[in-house]
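Here the structure is laid out as structure tokens; the discussion comes afterwards.
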4 protein chains.
Amino acid sequence: MSIVIDDKPKEECAVVGVYNHPRAANFTYLGLYSLQHRGQESSGIVSNDNRTFYKHINMGLVADVFSDANNLEKLKGNMAIGHNRYSTTGTAKLINAQPLVVSSKYGPMAISHNGNLINARFLREKLEDEGAIFQTTTDTEIILHLIARSRKTTLIEKIIDSLDQIEGAFSLAILTRDKLVAVRDSRGFRPLCIGKKDGGYIVASESCALDILNAKYIREVKPGEVVVFDKDGMTSYWLNHKVDICCCIFEYIYFSRPDSRIFGEKVDKARRTLGKVLAQEAPVEADRIISVPDSSNTAALGYAQESDIRFEIGLIRNHYIGRTFIHPEQSMRDFNVRIKFNPVKGVLKNKRIVIVEDSIVRGTTLRHLVSMVRNAGAKEIHIRVSSPPIKFPCYYGMDFPTREELIASSMTIEKIRKYLEVDSLHYLSLEGLLNSVPHENCGYCTACFSGEYPIIPAQRVKKYHLENGIVND
Amino acid sequence: MSIVIDDKPKEECAVVGVYNHPRAANFTYLGLYSLQHRGQESSGIVSNDNRTFYKHINMGLVADVFSDANNLEKLKGNMAIGHNRYSTTGTAKLINAQPLVVSSKYGPMAISHNGNLINARFLREKLEDEGAIFQTTTDTEIILHLIARSRKTTLIEKIIDSLDQIEGAFSLAILTRDKLVAVRDSRGFRPLCIGKKDGGYIVASESCALDILNAKYIREVKPGEVVVFDKDGMTSYWLNHKVDICCCIFEYIYFSRPDSRIFGEKVDKARRTLGKVLAQEAPVEADRIISVPDSSNTAALGYAQESDIRFEIGLIRNHYIGRTFIHPEQSMRDFNVRIKFNPVKGVLKNKRIVIVEDSIVRGTTLRHLVSMVRNAGAKEIHIRVSSPPIKFPCYYGMDFPTREELIASSMTIEKIRKYLEVDSLHYLSLEGLLNSVPHENCGYCTACFSGEYPIIPAQRVKKYHLENGIVND
Amino acid sequence: MSIVIDDKPKEECAVVGVYNHPRAANFTYLGLYSLQHRGQESSGIVSNDNRTFYKHINMGLVADVFSDANNLEKLKGNMAIGHNRYSTTGTAKLINAQPLVVSSKYGPMAISHNGNLINARFLREKLEDEGAIFQTTTDTEIILHLIARSRKTTLIEKIIDSLDQIEGAFSLAILTRDKLVAVRDSRGFRPLCIGKKDGGYIVASESCALDILNAKYIREVKPGEVVVFDKDGMTSYWLNHKVDICCCIFEYIYFSRPDSRIFGEKVDKARRTLGKVLAQEAPVEADRIISVPDSSNTAALGYAQESDIRFEIGLIRNHYIGRTFIHPEQSMRDFNVRIKFNPVKGVLKNKRIVIVEDSIVRGTTLRHLVSMVRNAGAKEIHIRVSSPPIKFPCYYGMDFPTREELIASSMTIEKIRKYLEVDSLHYLSLEGLLNSVPHENCGYCTACFSGEYPIIPAQRVKKYHLENGIVND
Amino acid sequence: MSIVIDDKPKEECAVVGVYNHPRAANFTYLGLYSLQHRGQESSGIVSNDNRTFYKHINMGLVADVFSDANNLEKLKGNMAIGHNRYSTTGTAKLINAQPLVVSSKYGPMAISHNGNLINARFLREKLEDEGAIFQTTTDTEIILHLIARSRKTTLIEKIIDSLDQIEGAFSLAILTRDKLVAVRDSRGFRPLCIGKKDGGYIVASESCALDILNAKYIREVKPGEVVVFDKDGMTSYWLNHKVDICCCIFEYIYFSRPDSRIFGEKVDKARRTLGKVLAQEAPVEADRIISVPDSSNTAALGYAQESDIRFEIGLIRNHYIGRTFIHPEQSMRDFNVRIKFNPVKGVLKNKRIVIVEDSIVRGTTLRHLVSMVRNAGAKEIHIRVSSPPIKFPCYYGMDFPTREELIASSMTIEKIRKYLEVDSLHYLSLEGLLNSVPHENCGYCTACFSGEYPIIPAQRVKKYHLENGIVND
């Protein structure tokens, strides 16, 4: 039995692109490496020496996929795009791994995509009716078909024409023989930023990918913007969708790395504010603040600072856990959490403990953690969650369990408190959440908390699955 | 340095299909195994349980690709198609391995293809102009695009409509959710036969694939025939091309296994006749007949029988040689032949030896063999070739070196004799070749000997290469 | 180029043993998993069903070595021992991986060893003179030869007789057909503890291996103690060496996990005290305390608490880094540190920063970190090290660079400060170190700081290398 | 289910050694490659640059073990020995693969062994009593212990002293820092020959390993001879055993390659004589002679020549079968033979067929072959076996099934005929066999036919198995 012990929503992808740098593939590799947290299933890079496209893609972590240095060396040329992918079981197949490369009338084209299309089913059926054949089950292949079929004249016009037909979340890097194109959907769900180094350009899902390269942060790709990098430098075009911006607020809560800057703000700063506001909303008399490492560390520090209670490391996280961890004992669920976390008894014993957690999905992992902390001798346990209760599915690129599995969709907070067996439980309010994040640059999508979806899905907005799909090896 | 020591034309593929048998994938596997000689680069099977398609494809020999039994077990359903592929370097990539599977308006479809299209470039450009995108560099993807785009109503009509647009060699097995379709082009270049076992049907490139299953041989798919296997049994349709049949005569000379029956005749019988006619055309006073094992064995026995000279095993072939043999010594070419063949000195010493060889392409390997036989003590060496001189490239699925590399395209027979350093050299005449094979069922393509191509290529008939191709890992 | 970016001493091993539990191999696996930090080069388990010994050992991390569940399942029986190994290059070979298994007059025997023998060369030469043959280059094989050759009667007598001949550090788990034997050398250099679960016994290098199993901590194996687990339960014997106890103080500083208890004390508590004493010894006016994560976290919290300066997370550590990380750019050393750490600019900008680090070996990594923190905008940077300067090599199981490479062996503290380019640098005093750790149970080896070695090596105490060694694949 | 379809005795090993050639490892590799038929389980080479020993060993075929060219390149030095191993299941483990390398008082030593010791159990117990520890379950490790413990002065004296204690079959290549030593036991059970190339020496189990290197055949290592190659050239010593020579006659019948020379004679010539004598002893009126390819080809040609009946290729053998062939259908035994052989119907139909087979062990495979030939239309089937009935186990290095499984040990020839369902069955007589092979150089062991063992085993001469063995991965 291989096990899943994270009880977190899954991000679906990381996107990186490099234009006009002799180390294009190497930079893409390092960028993907720094964005490993956005997708651990597969990784790939496509480069281009203005003539031939070179590709290496495989299942696994970035460092594993490129552990043979030859695989990097053969990716010649001074432009490249890369992709890390997370995916739900069943479609986690090599054939779906990205970047996706095709040849078309326009020449070869490669694409990396972070996000999720709302009208994928409709578009796919329409394209099949027109005679298109599909070799993957990804949304991304749809975008390439639309571009290849567009009647517009220039590539940029074709891209805009195609993306105007799409509803949903997409941050894209597109590579052609002489251009790198970066696009963000008009609502700006997912982040995408631009950097510069040695006269070349880099685009990446988060700014930490620029930091690893010691590249200069320029700015974000704006919602609805189509940024073209070619011999004429960097030029902006715009999609024709006119809609309100609604960035994914979960990027601040959990997804993005704390050292990244997204939506115009440092994640670390926003996340610390979440902890402070949470301390104001739900103070508690306690002896120690601990976090569920590592994602809740910053919020826990914010909570500790505001409440003036001492922050301690009460849980040690084992970082050697890999994707293929084999659990020897199917019957002993309790081990699952112990594999990842161990309590520091000296910190917990006879203390009133506040555990700061960034979000609760199913609640199963947290329940085990609470039990471990209790057994380590904690007198009281108070859970403080730096986000509101998650009650609704996401259609824009986060992979939650089904609504039935979301603990907050069916239980009251008091019931959850009893289930977790803690002395108190408080979630950050939606208002407190919105007050903690900056609003100069964008509005936010809070659909997973509020159920208010920015796009009314005209059709069934279930994650698209081929009803009679193809199962690959 | 990995080495190529075969100096033979390469066949491009083996095709197998099974309809209506609970062991469909297993039978396909065994069939592919028996057809390993037609393609050693990649192997794959796609099965179908009337709903979902299952696929396992990888680079390597059949037995290696399926060495993990799980890979076979998960190929559920009672229909399947399979494919072995040989390919020229550069396009020998996993993404090009077959069967190719796509989803389309008609549902999922898989295809296995043996042959080569003449108008691939034209069709590909036309399809790209219409907005099609290509993910492989194979001719086969073109066929799927044509089917998906056909305006005809039924699948069979779509298939016929599509194949009517194609010029070239194709023996196909197509799998849909409820049908297996077997097709042979109107000229019938490549073989394809039909068998039956336990109420199910099997199609395969050669009849030895039926033998391994202990299945009953029914008949060949006829040139231009489209045989549909579905719940109504086996039904024939026809392509609209009306052309002369011209089966590839090289299948008798070298490609097919001697225990197969193709084009309505046993290969073993035809190949023995080649040896006999060769003995009549080019007798020689000698002590022993030996063959270059294993492909020339049958012709050598025919030659020995007709000439009444004793047949002996004068060369031992090492059968452990694999695709990845690493030669330690780049500088010592002579080893290459020794790795595969060793002379039996007791047979050769002080004897006048006739070496029967089925065909000569570059001549390099044979030259080394002659030298080995000479060093083993042969007094005289006479080469007898059971086919005419190969002077022209093939556009229908055989992979020769370029014309410049074909020894007989630039040298007279006397020059070749001197190059090989033998006492005499005789090729079978084209007339003798045509007299040795049956003519009730078909005419033959002899273009590689005569330069008379059955299809005048209206456009450049070079093997299609993407000019600015995609290089995969 | 694969890279080494840790500038830390390397521990050589983790030891685990389980006696009398139906899940012996599974428990050993989980124990090894929790001790991954003590050795990442190879991992192995040997189990025993009272009759046959079962073994699985390979290079790599625990989770990788056992990623195929079959490898665990076949390790039958209710006793097992396991081992994680770190080793210096050159001898990092599968043949040296442990546990080592042999058959002897006494029957099959397996051994796991943490430590380093001082008189290995002498013993090996003596054994070879007597006709012994060696198949590995490990010290551990010597122990097995000594046991097999001992003239004593019982196994326990043989073990004591053998270990009495050995000088050096050894914490051992020995498995015979019906016994598990745990031993710690008389000085007690390396930790080894005993736990209990469901009537079975567990021995492990650190108590965190008991925690992951939810086993009860009993006590340490005492220095010089030979603990035998068999059908008569747990029995103690003693080695005849009478020497002062001198536990490795570096286990508290860096090696052991903070949630472990070793030498009778919680590591977390000792490590926090180091930070507090350091703050008393070397206070500084500053705005923020940050740690070099994760090993310095606890000391940094202690420093922050004592100094009443705010603790923040100023460096993000990438935990996806694997053993095989390929660095694409040989020329850009600066990347090496960026691959592992990224500064959080919001925390550092315009602040006076104290970086708490647990130890400095070469100083190269820290220098890069300082430069990163400086570039992130820190106004002042003060380094506080929670251990004294490391000036001398270790002969008891820690793998330092050569003395020349130890920065503190050749530079004054002021020179090091300049090299690191920081505003101030202070190390913990040796006195402060000794005051921070408990003394009821043991004395300490501080040779790497003081040069006062507990064993005067009568012979060359260089790490034993076969002068004309065998290089394996 | 992976399958075994060979019904042949298994040889246990191939031995190769090279002294004083800059391409020592490469030559060893090619030699092992040509001797692949003597062992397909594991392969390995140890080389030596007069100082350090280099080693690469793995499970699998020679070409696979060295498919990564780096593995060959790192085997430096101008001397090397190599080994191919076949072994019975259970002990087919990497730890038992050879060459075995140890360090000892004398320095590092490596050994390759073909054969089987009769008194292994006795020696092992004696050595364990004296304190030796064993890391493998091979006989070979015993030899190294004996050498390391010998009280003699020089290496050669130690080797002779050790081998004088051993009963059984052994052809050895031993590598020390400055010598290559080749030894054959005093009875000379297994072959071993000496060749020369470019001033260097080569020893190999069969002369075909010299041919692949284009090396000059010098002579055999004589029974009881110890040949030392060092800076003084080639020097002979002798074991003190004085016994009758009894070479394994099965080497002529089946094991050795027909193009090899062993025991002073060409195998091809001896094997053809077997066929001729068989034709004299057991003539039959028939239309065609066929062989079971490839091992019976030469005997079949001899039979055909003597009987003046036409030889034909009636069975095609599939040479792509690998060690890991997965049979999909456990229930269908009949497939097993079809996977390897297919009948050529045109040769067999309506004909009276003589099948020449070199030996029958269990008879199961032959029975399936007969059934296939019958179904292909043969009117009559006559089996002629070019060896006597195998009735007894071999203790000198051939791996037969147990006596119960040997069909001729429990059935009369008439019963076997009925079991095989053939029209007639004749075995070569023991007298005929002995008359067919040369007697100038040696006598022969015919124990498997006659039960007359050259060594009366004073103790249980069962293949040595550790009663409480170690099971490795």
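Just so we're on the same page: first chain in the structure tokens is A, next is B, and so on; residues restart at 1 for each chain, and ligands are numbered from 1 in the order they show up.
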Those in region 167-377 of chain D with alpha helix (DSSP H) from DSSP, as a PyMOL selection string: chain D and resi 208-211+250+267-281+297-307+334-340+345-348+364-375
Set the cut-off to 10 Å and count only C-alpha atoms: what are the residues of chain A that reach chain B? Output as number ranges by chain. A: 46-48, 50-58, 71, 74-75, 95, 100-109, 124-137, 141, 144-151, 177, 466-473
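Within 12 Å of Thr446 (chain B), once only C-alpha atoms are used and residues closer than 5 positions along the same chain are dropped, the contacting residues are B:Phe189, B:Cys246, B:Cys247, B:Cys248, B:Ile249, B:Phe250, B:Glu251, B:Tyr252, B:Ile253, B:Ser387, B:Pro388, B:Pro389, B:Ile390, B:Lys391, B:Phe392, B:Pro393, B:Cys394, B:Tyr395, B:Tyr396, B:Ser429, B:Leu430, B:Glu431, B:Leu433, B:Leu434, B:Gly451, B:Glu452, B:Tyr453, B:Pro454.
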Find the spatial neighbours of Ala14 (chain A), counting only C-alpha atoms, within a cut-off of 8 Å - ignore same-chain residues fewer than 6 positions away - and output them as a PyMOL selection string. chain A and resi 32+35-36+38-39+83-85+113-114+204-205
Based on the backbone DSSP call, show me all residues of region 131-293 of chain A assigned strand (DSSP E), as a ChimeraX atom specification. /A:168-175,180-184,193-197,200-204,216-220,225-230,233-238,247-248,261-262,265-266,288-291
I'd like the neighbourhood of Val277 (chain C) as number ranges by chain, where a residue qualifies if any of its atoms comes within 8 Å (using only C-alpha atoms), though same-chain residues fewer than 2 positions away should be ignored. C: 273-275, 279-281, 303, 428, 432, 436
Report as an mmCIF file with all heavy atoms, in the first residue's frame all protein, DNA and RNA residues lying within 9 Å of region 254-257 of chain C, evaluated on only C-alpha atoms, omitting residues in the same chain fewer than 5 positions from it.
```cif
data_model
loop_
_atom_site.group_PDB
_atom_site.id
_atom_site.type_symbol
_atom_site.label_atom_id
_atom_site.label_comp_id
_atom_site.auth_asym_id
_atom_site.auth_seq_id
_atom_site.Cartn_x
_atom_site.Cartn_y
_atom_site.Cartn_z
ATOM 1 N N ILE A 316 8.018 17.518 14.601
ATOM 2 C CA ILE A 316 9.134 17.375 13.664
ATOM 3 C C ILE A 316 8.612 16.664 12.426
ATOM 4 O O ILE A 316 7.961 15.629 12.522
ATOM 5 C CB ILE A 316 10.269 16.544 14.295
ATOM 6 C CG1 ILE A 316 10.821 17.238 15.530
ATOM 7 C CG2 ILE A 316 11.379 16.271 13.283
ATOM 8 C CD1 ILE A 316 11.479 18.570 15.266
ATOM 9 N N LYS C 8 28.305 19.857 6.601
ATOM 10 C CA LYS C 8 28.097 19.285 7.926
ATOM 11 C C LYS C 8 28.920 18.014 8.054
ATOM 12 O O LYS C 8 29.184 17.349 7.047
ATOM 13 C CB LYS C 8 26.609 18.898 8.096
ATOM 14 C CG LYS C 8 25.645 20.058 8.045
ATOM 15 C CD LYS C 8 25.729 20.904 9.300
ATOM 16 C CE LYS C 8 24.849 22.140 9.154
ATOM 17 N NZ LYS C 8 25.006 23.060 10.280
ATOM 18 N N PRO C 9 29.295 17.660 9.280
ATOM 19 C CA PRO C 9 29.904 16.332 9.445
ATOM 20 C C PRO C 9 28.860 15.271 9.107
ATOM 21 O O PRO C 9 27.667 15.502 9.227
ATOM 22 C CB PRO C 9 30.255 16.289 10.926
ATOM 23 C CG PRO C 9 29.381 17.311 11.558
ATOM 24 C CD PRO C 9 29.155 18.374 10.537
ATOM 25 N N LYS C 10 29.300 14.129 8.665
ATOM 26 C CA LYS C 10 28.394 13.036 8.315
ATOM 27 C C LYS C 10 28.460 11.971 9.396
ATOM 28 O O LYS C 10 29.544 11.534 9.780
ATOM 29 C CB LYS C 10 28.797 12.400 6.984
ATOM 30 C CG LYS C 10 28.893 13.368 5.827
ATOM 31 C CD LYS C 10 27.549 14.009 5.507
ATOM 32 C CE LYS C 10 27.651 14.919 4.284
ATOM 33 N NZ LYS C 10 27.138 16.257 4.536
ATOM 34 N N GLU C 11 27.308 11.544 9.818
ATOM 35 C CA GLU C 11 27.203 10.398 10.711
ATOM 36 C C GLU C 11 27.368 9.161 9.859
ATOM 37 O O GLU C 11 27.026 9.144 8.690
ATOM 38 C CB GLU C 11 25.816 10.400 11.350
ATOM 39 C CG GLU C 11 25.505 9.245 12.253
ATOM 40 C CD GLU C 11 26.219 9.415 13.585
ATOM 41 O OE1 GLU C 11 26.568 10.548 13.943
ATOM 42 O OE2 GLU C 11 26.422 8.388 14.250
ATOM 43 N N LEU C 35 15.154 7.093 11.001
ATOM 44 C CA LEU C 35 16.578 7.367 11.240
ATOM 45 C C LEU C 35 17.328 7.668 9.937
ATOM 46 O O LEU C 35 18.551 7.564 9.866
ATOM 47 C CB LEU C 35 17.235 6.177 11.959
ATOM 48 C CG LEU C 35 16.692 5.888 13.367
ATOM 49 C CD1 LEU C 35 17.229 4.563 13.887
ATOM 50 C CD2 LEU C 35 17.053 7.010 14.325
ATOM 51 N N HIS C 37 18.138 10.300 8.615
ATOM 52 C CA HIS C 37 19.136 11.380 8.728
ATOM 53 C C HIS C 37 20.523 10.863 9.124
ATOM 54 O O HIS C 37 21.512 11.540 8.941
ATOM 55 C CB HIS C 37 18.679 12.422 9.758
ATOM 56 C CG HIS C 37 18.478 11.847 11.134
ATOM 57 N ND1 HIS C 37 17.439 10.986 11.429
ATOM 58 C CD2 HIS C 37 19.172 11.979 12.279
ATOM 59 C CE1 HIS C 37 17.503 10.637 12.702
ATOM 60 N NE2 HIS C 37 18.551 11.227 13.242
ATOM 61 N N ARG C 38 20.609 9.627 9.641
ATOM 62 C CA ARG C 38 21.911 9.097 10.074
ATOM 63 C C ARG C 38 22.651 8.365 8.962
ATOM 64 O O ARG C 38 23.754 7.844 9.189
ATOM 65 C CB ARG C 38 21.732 8.147 11.270
ATOM 66 C CG ARG C 38 21.267 8.857 12.528
ATOM 67 C CD ARG C 38 21.165 7.901 13.707
ATOM 68 N NE ARG C 38 22.431 7.629 14.327
ATOM 69 C CZ ARG C 38 23.000 8.366 15.281
ATOM 70 N NH1 ARG C 38 22.379 9.439 15.717
ATOM 71 N NH2 ARG C 38 24.160 8.043 15.793
ATOM 72 N N GLU C 206 18.262 5.890 17.913
ATOM 73 C CA GLU C 206 17.626 7.011 18.609
ATOM 74 C C GLU C 206 16.191 6.645 18.951
ATOM 75 O O GLU C 206 15.570 5.828 18.276
ATOM 76 C CB GLU C 206 17.607 8.261 17.717
ATOM 77 C CG GLU C 206 18.962 8.784 17.333
ATOM 78 C CD GLU C 206 18.834 10.010 16.417
ATOM 79 O OE1 GLU C 206 17.846 10.748 16.526
ATOM 80 O OE2 GLU C 206 19.738 10.192 15.584
ATOM 81 N N CYS C 208 13.514 8.264 18.437
ATOM 82 C CA CYS C 208 12.470 8.603 17.463
ATOM 83 C C CYS C 208 12.035 7.362 16.697
ATOM 84 O O CYS C 208 10.918 7.311 16.180
ATOM 85 C CB CYS C 208 12.923 9.725 16.523
ATOM 86 S SG CYS C 208 14.303 9.280 15.458
ATOM 87 N N ILE C 262 18.546 10.878 23.862
ATOM 88 C CA ILE C 262 19.800 10.113 23.821
ATOM 89 C C ILE C 262 20.596 10.400 25.075
ATOM 90 O O ILE C 262 20.438 11.460 25.685
ATOM 91 C CB ILE C 262 20.674 10.464 22.590
ATOM 92 C CG1 ILE C 262 20.978 11.965 22.566
ATOM 93 C CG2 ILE C 262 20.020 10.031 21.281
ATOM 94 C CD1 ILE C 262 22.119 12.338 21.663
ATOM 95 N N VAL C 267 16.966 15.615 23.228
ATOM 96 C CA VAL C 267 17.858 16.411 22.381
ATOM 97 C C VAL C 267 17.341 17.826 22.243
ATOM 98 O O VAL C 267 18.097 18.796 22.299
ATOM 99 C CB VAL C 267 17.997 15.743 20.995
ATOM 100 C CG1 VAL C 267 18.792 16.632 20.058
ATOM 101 C CG2 VAL C 267 18.637 14.370 21.152
ATOM 102 N N ASP C 268 16.054 17.927 22.073
ATOM 103 C CA ASP C 268 15.402 19.232 21.935
ATOM 104 C C ASP C 268 15.754 20.150 23.104
ATOM 105 O O ASP C 268 16.067 21.332 22.934
ATOM 106 C CB ASP C 268 13.896 18.961 21.862
ATOM 107 C CG ASP C 268 13.072 20.159 22.204
ATOM 108 O OD1 ASP C 268 12.948 21.049 21.362
ATOM 109 O OD2 ASP C 268 12.562 20.197 23.351
ATOM 110 N N ARG C 271 19.451 21.103 23.057
ATOM 111 C CA ARG C 271 19.749 22.006 21.945
ATOM 112 C C ARG C 271 19.214 23.414 22.223
ATOM 113 O O ARG C 271 19.831 24.405 21.833
ATOM 114 C CB ARG C 271 19.158 21.426 20.662
ATOM 115 C CG ARG C 271 19.877 21.803 19.420
ATOM 116 C CD ARG C 271 19.505 20.930 18.243
ATOM 117 N NE ARG C 271 20.215 19.642 18.237
ATOM 118 C CZ ARG C 271 19.963 18.654 17.389
ATOM 119 N NH1 ARG C 271 19.006 18.787 16.484
ATOM 120 N NH2 ARG C 271 20.651 17.539 17.440
ATOM 121 N N SER C 295 18.217 22.119 11.001
ATOM 122 C CA SER C 295 18.945 21.622 12.168
ATOM 123 C C SER C 295 19.209 22.669 13.231
ATOM 124 O O SER C 295 19.390 22.349 14.393
ATOM 125 C CB SER C 295 20.261 20.964 11.725
ATOM 126 O OG SER C 295 21.077 21.908 11.087
ATOM 127 N N SER C 296 19.220 23.957 12.856
ATOM 128 C CA SER C 296 19.512 24.994 13.846
ATOM 129 C C SER C 296 18.257 25.616 14.448
ATOM 130 O O SER C 296 18.360 26.537 15.261
ATOM 131 C CB SER C 296 20.367 26.097 13.195
ATOM 132 O OG SER C 296 21.503 25.549 12.588
ATOM 133 N N ASP C 358 24.254 25.717 13.796
ATOM 134 C CA ASP C 358 24.689 24.784 14.842
ATOM 135 C C ASP C 358 26.183 24.493 14.794
ATOM 136 O O ASP C 358 26.798 24.223 15.827
ATOM 137 C CB ASP C 358 23.874 23.484 14.806
ATOM 138 C CG ASP C 358 23.803 22.902 13.432
ATOM 139 O OD1 ASP C 358 24.869 22.599 12.851
ATOM 140 O OD2 ASP C 358 22.688 22.746 12.915
ATOM 141 N N SER C 359 26.780 24.535 13.605
ATOM 142 C CA SER C 359 28.212 24.242 13.516
ATOM 143 C C SER C 359 28.735 24.733 12.173
ATOM 144 O O SER C 359 27.977 24.880 11.224
ATOM 145 C CB SER C 359 28.470 22.734 13.646
ATOM 146 O OG SER C 359 27.720 22.022 12.681
#
```
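Look at Leu192 (chain B): the protein and nucleic acid residues within 10 Å of it, using only C-alpha atoms and passing over chain neighbours fewer than 3 places away, are Ala14, Val15, Val16, Asn114, Phe170, Ser171, Leu172, Ala173, Ala182, Val183, Arg184, Gly188, Phe189, Val203, Ala204, Ser205, Glu206, Ser207, Arg219, Glu220, Val221, Lys222, Pro223, Ile262 and Phe263 of chain B.
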For CA of Ala69 (chain B) and CA of Leu369 (chain D), the interatomic separation in Å (one decimal): 26.3 Å
Calculate how many Å separate CA of Pro283 (chain D) from CA of Ile413 (chain D), rounding to one decimal.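 These atoms are spaced 16.6 Å apart.
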